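Participant: Take a look at this one; I'll ask things after.
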Amino acid sequence: MANAVHIVVCAGIVPDPLQTLEPITGPNGPGLKNEMVLPAVLDPWAASALYEAASLAAKNPGSKVWLVSLGPKAKLQQVMMTVAQKVHFDLVPIDGPIGGFPDAHSTAAALAGAINAIPGLDKAKLLLFGGWESATRGAGVTLQLTGELLSITDQFQGVDQIDLRDDGSFEVLERVEGGKHQVSVCAGTPAVLGWATGNLAEPRNNPQVGMVNMRTIMPALQKAKPATLAANGLRYVSVGLPKQQRTTRVVKDLTPDQIAAELVEWIGAE
Amino acid sequence: MGTVALSETKTMLTLPGDAVRQILWRFADRYDLQMLAQSARAVARGTVARLVASGERNTHEWTPAKAEMLEAFDRSGITAAFMEPEEGGFIVGPKNLALALAAFELAWVDGGAATASLASFLALSPIHERGTQEQVTHYKTLAAPPQPGEDRIPWRGAFALTEPIPYVGVDTGMLSGKVSVAEWKDGEEPWLQVDKRGRFITNIAFANFVTAAVGSIDPRIKGSCVIILEEGDEGSFDRGIPTKKLVHQLSSTGDPIFNMKVPASRIVGGYTVKDGVIVPNFNHGEIIEAVFRRTRVPVGLMTAAKLLSAVEPVIRYQRERFRGAEGAKPGSVRYEQGIQQRQDALHRLVDVWATGEAATSLGFAAARLFDTIEPLEKLKTALLKEQGVQGGRAEMKALRESEQRAIELLSLTPADPRRAELEADPLVDYVLKDAEANVICPATKLWNTGHGANMMREAVSLMGGYGITEDCPGFLANKWMDAQLEATYEGPEAVQRRQLTVTMTSEVFLAEFSAWTADMRRIASDHPGTGACTLASAMHLWQWTLNYLQKTTDPFGNKLYHGQRQGVTFALADALCWLLASRYQILDVLELEARGPEDAVAAEELEGTLQFLSDLCYVQAAQAAGEASRICGELVFGYNQHPTWADEAHRACFMASELEVFEETMPGITAMAVDVLAVDGSHPIKAGPCAGCAGSSEFLRLQNKLTACLSGFRLAKDRAADTVSKVMIPEALDYPA
């Protein structure tokens, strides 16, 4: 139990990436067209963080994983029907607005408040996980701000790997330019880790895991506290989708060597 | 877009999502089922779709890649969905809806994958339904996926009923598979010799055990039974050669030959020994009746899933049809709407969609009903046993009083004080639900697969030439062909029609049907846009026709409604299926209207979704009404001799000169007379005088009323088409093609 950690994963929900995303401006500011009725998934980067958290907890007996998520609770419930089957965790839902446009400071405050209220959470053992990026409009600072509000100053971004050592310290691999990783060693918890993709495949659905999780998830959803996120003066001048650049060719039956040669040629041309 | 100007209504914005479906199909409060559906979906759109896309359907043989699919079933909980928690499962209680949902999700991508999952359950079903407790625990535990920490490969099963022709097929009463006593030592359990050839047996390439139907050729064994064979038993367990199916190639099918020696304890349900004769506790007929009653429902839902799965790829194809063409620039109608500029393309897709909705509603209603009946059936058996009543015929006799009480209950007004007493009677509840299940199970299997196959052809046609290629998104051509097998296996269409002709005339069912008709009228008064009134008129017409046909003879004095007269009975069964599917579709939409506002996700833009689904109900109700009207009209008039110009009938006609005289005293009679003879006595050039409607005027009144009840239906179709042209769909299909 020496290396038991308490991992809190912050994860939002986003529209299924295959859906058509069309920004619109409503009375409450910008949003995505029909977002509430589009199928949603756990934000893929944060989902990687969750799977890494579960893996880390499984390797370190006595560890525990919480998933803190802010979104409309009915929507969260739908997403949980899949996510809850993947790995064991306790859900801490916050009933709030959907979308990637609320102010990051308000969001971070709501998350930090919910984390502070988790019964039994030992903040000295805390690893705060989340996504380095987001499939929705990511402010890019929410996780860092949450860490600051929890007084956690050791923060890592673009993480692909963490190795917990026997003495409680851990080694972290952060992505840097050129496809390389920066290796850091941290003396111990608490720390914030914003995950890139990690190294784990998405766990398969297992309804038996889901049934165990659901015993706590459903009551938690029923008791989810509503959060109102203040705009704090944030105003969007305009929103739009990044322009697609697609130069796809459909080619069948090329050998790996031919594909590689073409890629080299293309890189050279760039 | 191709529809005409429409009045302002709310429009459905996106394809109905899980929140809406869970309410429609009544599992919004069952997260175990929601998770199973998600899990099965992941397998279907992942493992299974990749198999199909990579061409695994192009081989009849069982391959390692196909075997991966079974492992995916195990890992995702699909295999365990059949088991109780103590057997390794995770769902408590009846599992008909659970299995139906899993089959629905798998068939959304590939029917063969769904069949492979169902076939294992089918092998276990005889044991589950009628096996001894020992057999149930033993085989279901073996078939359950390994639990964490267990190193075990789960057993797979195959159900061997079908035999090489001329026996099993339409008539499951005859068996060529035989059982005899191989060895019977005093005081010991007998050993049996089993000789069975199977045909088209699913899962046979990898089955570890087989539940086989056999008949006795030994005077020391009575009748027939279902017997469990294991691959390690003494003798020959020959899996035979793979069947060269053109469909469902992701399931294993073959013609096995078994020549084996097994202990008598393998007889499903056990046996007793009477006067030196082994008497199986259940004959094979009793077992397969119990099995098929439930397992046919998921098959019907498989075809329904294909229809709904076709909607998104067809919309995408229609909209993108002209993109890339010289004249189709982004922003132009041609670029944005493609073929959806044309009304026909939209209307035909509305028909496919409406059929899919109706078929799914019917199928899930049947699955839910069996979940309700399962505990009720056990209670019924226990209650009757307390009264000293046991066994099929004795129970049927004992339930007659309950049937009368059920019919009485249906006739009572809501305020009648006797209602509470009858509603509280579990036997009354049982006979009501049993009568309904006896009809909607074969109706699901028959209509969903038969009419569904026709509508899958329509869906394929909407993709143009693309539709019949391997590259067609959604594998629509595969699904079309697969639907034909679904219409055939587990009892072909003729078997379902034959069952319906018996069950749909039960006194209890007909009383229920009358009550449902009245309900539809009540619904129509509150929800005029659902087609409920049209449907009620069609239901009334159907019941009037049945009643008429049951009392009427043909010109030769032969009864019209008779078991052997399938030209009448089967046609009427077909008409009933249309009506039932439409009814359950309407009931589902009402459920959404009632419960949708409680669910924050479903509540979002609910008005538009309700409007669209109601319009689909109207479209389907009108189609059903049209079919019922045509079939009933054919049956009521089709067995009358057409009048001829022969003397007797000839004399009944007016002469032209007579009419001139009558016109003076009865102005307008000339316009009413249809068969007028010329001055020279020659008659109009046609088959004979127009047939009268003596005895059938009430039918014509009802049929006329029904025709008028179609008012508004095409407007609803226009509205639905308008929605189809605007509804938002994802950027790409969520499984590979």
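Letters A, B, ... go to the chains of the structure tokens in the order shown; residues in each chain start at 1; ligands are counted from 1 in the same order.
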Run DSSP on the backbone and grab whatever in segment 34-157 of chain A lands in helix (DSSP H, G or I); send it over as a ChimeraX atom specification.
Facilitator: /A:35-37,44-59,73-83,104-116,123-125,142-149
Participant: Identify every residue of chain B that has at least one atom within 8 Å of any atom of chain A, counting only C-alpha atoms, and report the result as a ChimeraX atom specification.
Facilitator: /B:13-14,17-19,31-32,34-36,38-39,42,75-77,89-90,599-602,604-605,728-734
Participant: Write out as a ChimeraX atom specification each polymer residue whose atoms come within 6 Å of segment 43-56 of chain B, counting only C-alpha atoms; drop sequence neighbours fewer than 3 positions from it.
Facilitator: /B:40,106,109,735,737
Participant: Write out as a PyMOL selection string which residues come within 9 Å of Leu145 of chain A when counting only C-alpha atoms, dropping same-chain ones fewer than 4 positions away.
Facilitator: chain A and resi 104-105+108-109+112+141+149-150
Participant: Based on the selection just made, write N, CA, C and O atoms of those residues as a CSV table (one decimal), in the first residue's frame.
Facilitator:
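This is the output file again-v8.csv:
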```
chain,number,residue,atom,x,y,z
A,104,ALA,N,-13.0,29.1,-18.6
A,104,ALA,CA,-12.1,28.1,-18.0
A,104,ALA,C,-11.9,28.3,-16.5
A,104,ALA,O,-11.8,27.3,-15.7
A,105,HIS,N,-11.9,29.5,-16.0
A,105,HIS,CA,-11.7,29.8,-14.6
A,105,HIS,C,-12.9,29.3,-13.8
A,105,HIS,O,-12.8,28.7,-12.8
A,108,ALA,N,-12.9,25.5,-13.9
A,108,ALA,CA,-11.9,25.0,-12.9
A,108,ALA,C,-12.3,25.1,-11.5
A,108,ALA,O,-12.1,24.2,-10.7
A,109,ALA,N,-13.0,26.2,-11.2
A,109,ALA,CA,-13.5,26.4,-9.8
A,109,ALA,C,-14.5,25.4,-9.4
A,109,ALA,O,-14.5,24.8,-8.3
A,112,ALA,N,-12.6,22.0,-9.0
A,112,ALA,CA,-11.8,22.0,-7.8
A,112,ALA,C,-12.7,21.9,-6.5
A,112,ALA,O,-12.4,21.2,-5.6
A,141,VAL,N,-6.4,25.4,-20.6
A,141,VAL,CA,-5.9,25.8,-19.3
A,141,VAL,C,-6.7,25.3,-18.1
A,141,VAL,O,-6.3,25.5,-17.0
A,149,LEU,N,-5.8,25.7,-8.2
A,149,LEU,CA,-6.8,25.9,-7.1
A,149,LEU,C,-6.7,24.9,-6.0
A,149,LEU,O,-7.1,25.1,-4.9
A,150,LEU,N,-6.2,23.7,-6.4
A,150,LEU,CA,-6.0,22.7,-5.4
A,150,LEU,C,-4.6,22.7,-4.8
A,150,LEU,O,-4.1,21.8,-4.1
```
Participant: Fewer than 5 positions away in the same chain doesn't count, so skip those; otherwise give me all residues within 6 Å of Trp66 of chain A, counting only C-alpha atoms, as a list in words.
Facilitator: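 Residues meeting the cut-off are Val8, Phe89, Asp90 and Leu91 of chain A.
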Participant: Segment 193-198 of chain A: which residues within 6 Å, counting only C-alpha atoms, same-chain residues fewer than 5 positions away excluded, as an NGL selection string?
Facilitator: :A and (48-49 or 129-132 or 155-161)
Participant: Contacts of segment 128-133 of chain B at 8 Å or less, counting only C-alpha atoms, minus same-chain residues fewer than 6 places along, as a PyMOL selection string?
Facilitator: chain B and resi 268-270+282+287+290-291
Participant: Between A:Pro15, A:Pro97, A:Gly233, A:Gly168, which residue has the minimum interatomic distance to Val185 of chain A, considering only C-alpha atoms?
Facilitator: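 Among the listed residues, A:Gly168 lies closest to Val185 of chain A.
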Participant: Report, in Å with one decimal, the straight-line distance from atom CA of Ala187 of chain A to atom CA of His88 of chain A.
Facilitator: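 Atom CA of His88 of chain A lies at a distance of 27.3 Å from atom CA of Ala187 of chain A.
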Participant: If I take atom CA of Ala538 of chain B and atom CA of Val350 of chain B, how far is one from the other in Å, to one decimal?
Facilitator: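 We find that atom CA of Ala538 of chain B and atom CA of Val350 of chain B lie 21.3 Å from each other.
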